[in-house]
Amino acid sequence: MENWYWMTLVVLIGLTVRWTVSLNPYSGAGKPPMFGDYEAQRHWQEITFNLPVKDWYFNSSDNNLQYWGLDYPPLTAYHSLLCAYVAEFINPDWVALHTSRGYESQAHKLFMRTTVLVADLFIYIPAVLLYCYSLKEISPKRKMAVALCILLYPGLILIDYGHFQDIYNSVSLGFALWGVLGVSYDWDLLGSLAFCLALNYKQMELYHSLPFFCFLLGKCFKKVTFKIACTVLASFLLCWLPFFTEREHALQVLRRLFPVDRGLFEDKVANIWCSVNVFLKIKEILPRHIQLAISFCLTFLSLLPACIKLTLQPSSKGFRFTLVSCALSFFLFSFQVHEKSILLVSLPVCLVLNEIPFMSTWFLLVSTFSMLPLLLKDELLMPSVVTVMAFLVVCVTSFPLCESTSEEQLQLTPFAVSVRRRLPGFTFLPRIIQYLFLSSVITMVLLTILSVTLNPPQKLPDLFSVLVCSVSCINFIFFLVYFNIVIVWDSKNGRNRKKIK
Amino acid sequence: MAAFTLAASGDHWFSALALGVTLLKCLLIPTYHSTDFEVHRNWLAITHSLPISQWYYEATSEWTLDYPPFFAWFEYALSHIAKYFDQEMLNIHNLNYFSSRTLLFQRFSVILTDALFFYAVHECCKCIDGKKTSKELTEKPKFILSVLLLWNFGLLIVDHIHFQYNGFLSGLMLLSIARLFQKRHMEGAFLFAVLLHFKHIYLYVAPAYGIYLLRSYCFTASKPDGTVRWDSFSFVRVISLGLIVFLVSALSLGPFIALNQMPQVFSRLFPFKRGLCHAYWAPNFWALYNALDKALSVIGLELKFLDPNQIPRASMTSGLVQQFQHTVLPSVSPLATLICTLIAILHFVCGKSRRCNNFSDSDHDRTLLPLPSALHCPSISSLKTLFRKEKPLFNWMETVYLLGLGPLEVCCEFIFPLTSWKLKYPFIPLLLTSVYCAVGITYAWARLYVSVLTGCFVSKTKKQ
């Protein structure tokens, strides 16, 4: 079958799964007075449509920041404004100032779901297809299989179309993916522009910013960096122009974007701080500025090796692996991380799906599992189970996963070779990894069943959420170590080979 | 993991397809469901709560039992599982009862009974003896047939959104056809008899079955040129087939004959009072007939040929189920439709035919469903020619027609609601869709007719 048949089929399957998941209830449905993030998005359309730009981020009688105030950068606000124009054309009641609070109806739900689908269709999906199409040295069928796997990744679908919290993740991730594409294929200006747009859409894209910076720096030591610097400055300027009229405006926006006052973490999230907090109440013991300092230092230290390696030896593969490692470091150690931020790690992992299918599939499963408490809260059990199974079936059908656990295929050969110099008997790495995988999957399935069927004991009402987060955190630490090993040892292998020649 | 890898390897694409479509069906659980949901809930309640003697008399709800007894027994069996999900759905007075557990049970009952459909498709694929023309999986006839049947979107929409049990029933029919192809005629006849007592609408294809069994099974030998040897008629076989049908019918209708309820059962099964077309017109010949009548009456009124006082207004298009009279063209009685159907199927004596439902009375749009499954059966033998690379699948006229479905739907769903005609003529989108599809279906039927006839003549001339 011709390529474009396959591509159309892949896109249609992706769209069908997305649309069927969107039939489920959204977060905060029918729960006054605050409702949920669906209402937040609707409220932002109301605010951006009715108020002048200078009032968007400020507390006023018309704009109560306590009620879902804007806390994303200006591009999100502009997108909300665009949606608001369409909403007003269809039904002005949806965005009427004050009176539209808590507005819920079938038609409105359809409208909001459609905006997500349209954004996905125009930004994220083309990026995925172009990425897969441009992969080298693999058959067209395998390219389409990779595209299908990426499009069926459950985490993104469930968050954007099910839960509706932080919707339009596909926009920021899509722009980031365009950035990766641009930078990997030497269209540095376009790549930088795209990434700046991503950054100005959701500030969490900062997780990806260091690899971008290091990669471009490494590539451009010889070339002129002036053009890139100009592009970056220009794109930021364009997005922030309305807010530069007064210094106070820009600062207020920054305060909304980086709410350091909210503390080390909120709710249950699968990172280090939440897990450590179970045993050692660091949130209460340490003062706020010390928490900030420790978090900053640990994040920085954990991502340093990968970034240095990328600056010294920029390569497309190294870039993608470093994206994973940096984003994961940020997720594990950073301040005010939300569970949904795992999507920022999942996107780069999707990009290395072709090179290490086994580990990527494992990671993507764990990332979806880590959001289980959130998904259960929104009654998304059925779509979660179904999309995870569909994803697993597609991955297993596309890649021979069971045979992909040799050292060579896990990209661990250089590391294993180095270790074998000291410990000649170190040949059991693949078997260890297989056992770890099995135990991880069994634990995840068990915890899912327990969370669904049993009620937690009265003394420990958050037992299952905490268990899910801790198990996920342990998995993520393992992945952090793994990805760093692959990145760091890759360079050594390259150097050794050159020496031998 | 091992099971998945097995599924992934070359020969287990069928499991992957089946699993994939099942997952899609699970995703469709929260979609819209029609009044048929309430129909089946009501039947669960009737069969569970009342004795057999009341089944065909119960009329608390407007959705009375109008399927043959085997389907009632099927609902009875399901009701024993339903009581573990939600006891309240089995109360006949709980009209329009709905709960998330009821929905879950009902949807899963459709999804799980589709297992029979999967098995039947698997058996049909075994009948296709395609020469290994291509190593490419997507070009193997078995794969194409499996995809067309398992992922049939009409079936998905009607069964898993609108809510019906057609997958299960189509499975029975496909299985009986597969058995016929596998020369296991008695089993095929048995399965078809059982199917008829599940849903009597399959009477449409009964003549074809009868003629095929008569020709292939009751006449045990053929002349060298392929025509029938009249002296090889086997009475034993005829009688054994008759016995099978009789026994199955006895099992099904026996209790009701004993209770003297046959007239009541018949009136429930064959409601001729419902009229020529249902509330929504099935895209068949009568849809075209009605449309022509409507058009002529509108023209007649405009040109003052007809007296407005003598014409009942909006009789056919009001969306109600009732009998009515045509305005300009002669009215059509049930007997007339039967005669038309018989004449139409008469010419299929020489070929293997499965399709004769273009002319029948009181068509629901859902009766179209046996069609794709049925159509695929003659095409099993012609699949090799159908998928040759030299000829494209559709000619330009057919392609234009199929592409026209897109703009038609866009007009009906998006443009029409925004126009001023929406309030005055709300039935127009449905009318347009029915008539457009009727054109396509009639064309397909005519082509099949022609191909069967020319096939007969070709084989006759070849052998001469």
# chains A, B, ... in the order shown; residues from 1 in each chain; ligands from 1

$ residues_around --residues "A:Tyr124" --least-positions-apart "2" --cutoff "6 Å" --atoms "only C-alpha atoms" --output "PyMOL selection string"
chain A and resi 120+126-127+170+174

$ closest_atom_pairs --of "chain A" --to "chain B" --cutoff "8 Å" --atoms "only C-alpha atoms" --output "CSV"
residue,atom,partner,partner_atom,distance
A:Met1,CA,B:Thr138,CA,7.4
A:Val17,CA,B:Leu24,CA,7.6
A:Thr20,CA,B:Leu27,CA,5.9
A:Val21,CA,B:Leu27,CA,6.7
A:Leu23,CA,B:Pro30,CA,6.5
A:Asn24,CA,B:Pro30,CA,6.7
A:Met382,CA,B:Leu27,CA,7.6
A:Pro383,CA,B:Leu27,CA,6.1
A:Val386,CA,B:Leu23,CA,5.8
A:Thr387,CA,B:Leu23,CA,7.9
A:Met389,CA,B:Leu23,CA,7.8
A:Ala390,CA,B:Gly20,CA,6.8
A:Val393,CA,B:Phe4,CA,7.0
A:Val396,CA,B:Thr5,CA,6.5
A:Thr397,CA,B:Ala8,CA,4.5
A:Ser398,CA,B:Ala8,CA,7.8
A:Pro400,CA,B:Thr5,CA,7.4
A:Leu401,CA,B:Thr5,CA,8.0
A:Cys402,CA,B:Thr5,CA,7.3

$ residues_around --residues "B:Ser146" --least-positions-apart "3" --cutoff "10 Å" --atoms "only C-alpha atoms" --output "short mmCIF file (atom, residue, chain, number, x, y, z; two decimals) with N, CA, C and O atoms, in the first residue's frame"
data_model
loop_
_atom_site.label_atom_id
_atom_site.label_comp_id
_atom_site.auth_asym_id
_atom_site.auth_seq_id
_atom_site.Cartn_x
_atom_site.Cartn_y
_atom_site.Cartn_z
N TRP B 13 -2.38 -12.10 12.55
CA TRP B 13 -2.92 -10.76 12.33
C TRP B 13 -4.41 -10.74 12.64
O TRP B 13 -4.96 -9.70 12.98
N PHE B 14 -5.07 -11.92 12.53
CA PHE B 14 -6.49 -11.97 12.81
C PHE B 14 -6.77 -11.60 14.26
O PHE B 14 -7.69 -10.81 14.56
N LEU B 17 -6.37 -7.89 14.69
CA LEU B 17 -7.53 -7.15 14.18
C LEU B 17 -8.70 -7.26 15.14
O LEU B 17 -9.38 -6.27 15.43
N ALA B 18 -8.95 -8.50 15.62
CA ALA B 18 -10.09 -8.71 16.52
C ALA B 18 -9.90 -7.94 17.82
O ALA B 18 -10.83 -7.29 18.31
N PHE B 118 -16.72 -13.09 15.29
CA PHE B 118 -15.29 -13.27 15.00
C PHE B 118 -15.03 -14.70 14.53
O PHE B 118 -14.31 -14.93 13.56
N VAL B 121 -16.28 -15.18 10.99
CA VAL B 121 -15.40 -14.56 9.99
C VAL B 121 -14.16 -15.43 9.79
O VAL B 121 -13.69 -15.62 8.67
N HIS B 122 -13.65 -15.96 10.89
CA HIS B 122 -12.49 -16.84 10.80
C HIS B 122 -12.78 -18.05 9.93
O HIS B 122 -11.98 -18.45 9.09
N CYS B 124 -15.09 -18.19 7.60
CA CYS B 124 -15.24 -17.73 6.21
C CYS B 124 -13.89 -17.58 5.55
O CYS B 124 -13.71 -17.92 4.37
N CYS B 125 -12.93 -17.07 6.31
CA CYS B 125 -11.60 -16.86 5.74
C CYS B 125 -10.97 -18.18 5.35
O CYS B 125 -10.21 -18.27 4.38
N PRO B 141 -6.39 -11.93 0.07
CA PRO B 141 -7.86 -11.83 0.16
C PRO B 141 -8.39 -12.10 1.57
O PRO B 141 -9.35 -11.47 1.99
N LYS B 142 -7.76 -13.03 2.29
CA LYS B 142 -8.24 -13.33 3.65
C LYS B 142 -8.16 -12.10 4.53
O LYS B 142 -9.06 -11.81 5.32
N PHE B 143 -7.05 -11.37 4.40
CA PHE B 143 -6.85 -10.18 5.22
C PHE B 143 -7.88 -9.13 4.87
O PHE B 143 -8.51 -8.53 5.75
N LEU B 149 -14.97 -7.19 7.19
CA LEU B 149 -16.04 -7.69 8.06
C LEU B 149 -15.85 -7.29 9.51
O LEU B 149 -16.77 -6.83 10.16
N LEU B 150 -14.62 -7.48 10.04
CA LEU B 150 -14.41 -7.20 11.46
C LEU B 150 -14.53 -5.71 11.76
O LEU B 150 -15.04 -5.32 12.79
N TRP B 151 -13.99 -4.88 10.84
CA TRP B 151 -13.98 -3.45 11.09
C TRP B 151 -15.09 -2.76 10.30
O TRP B 151 -14.98 -1.59 9.97
N ASN B 152 -16.17 -3.49 10.01
CA ASN B 152 -17.28 -2.92 9.27
C ASN B 152 -17.88 -1.77 10.08
O ASN B 152 -18.47 -1.99 11.15
#

$ residues_around --residues "A:His249" --least-positions-apart "3" --cutoff "12 Å" --atoms "only C-alpha atoms" --output "ChimeraX atom specification"
/A:53-59,74,240-246,252-256

$ residues_around --residues "B:Gln106" --least-positions-apart "4" --cutoff "10 Å" --atoms "only C-alpha atoms" --output "ChimeraX atom specification"
/B:29,37,40-41,78,82,85,100-102,110-111,160,163-164

$ atom_distance --atom1 "atom CA of A:Leu158" --atom2 "atom CA of A:Ala107"
20.9 Å
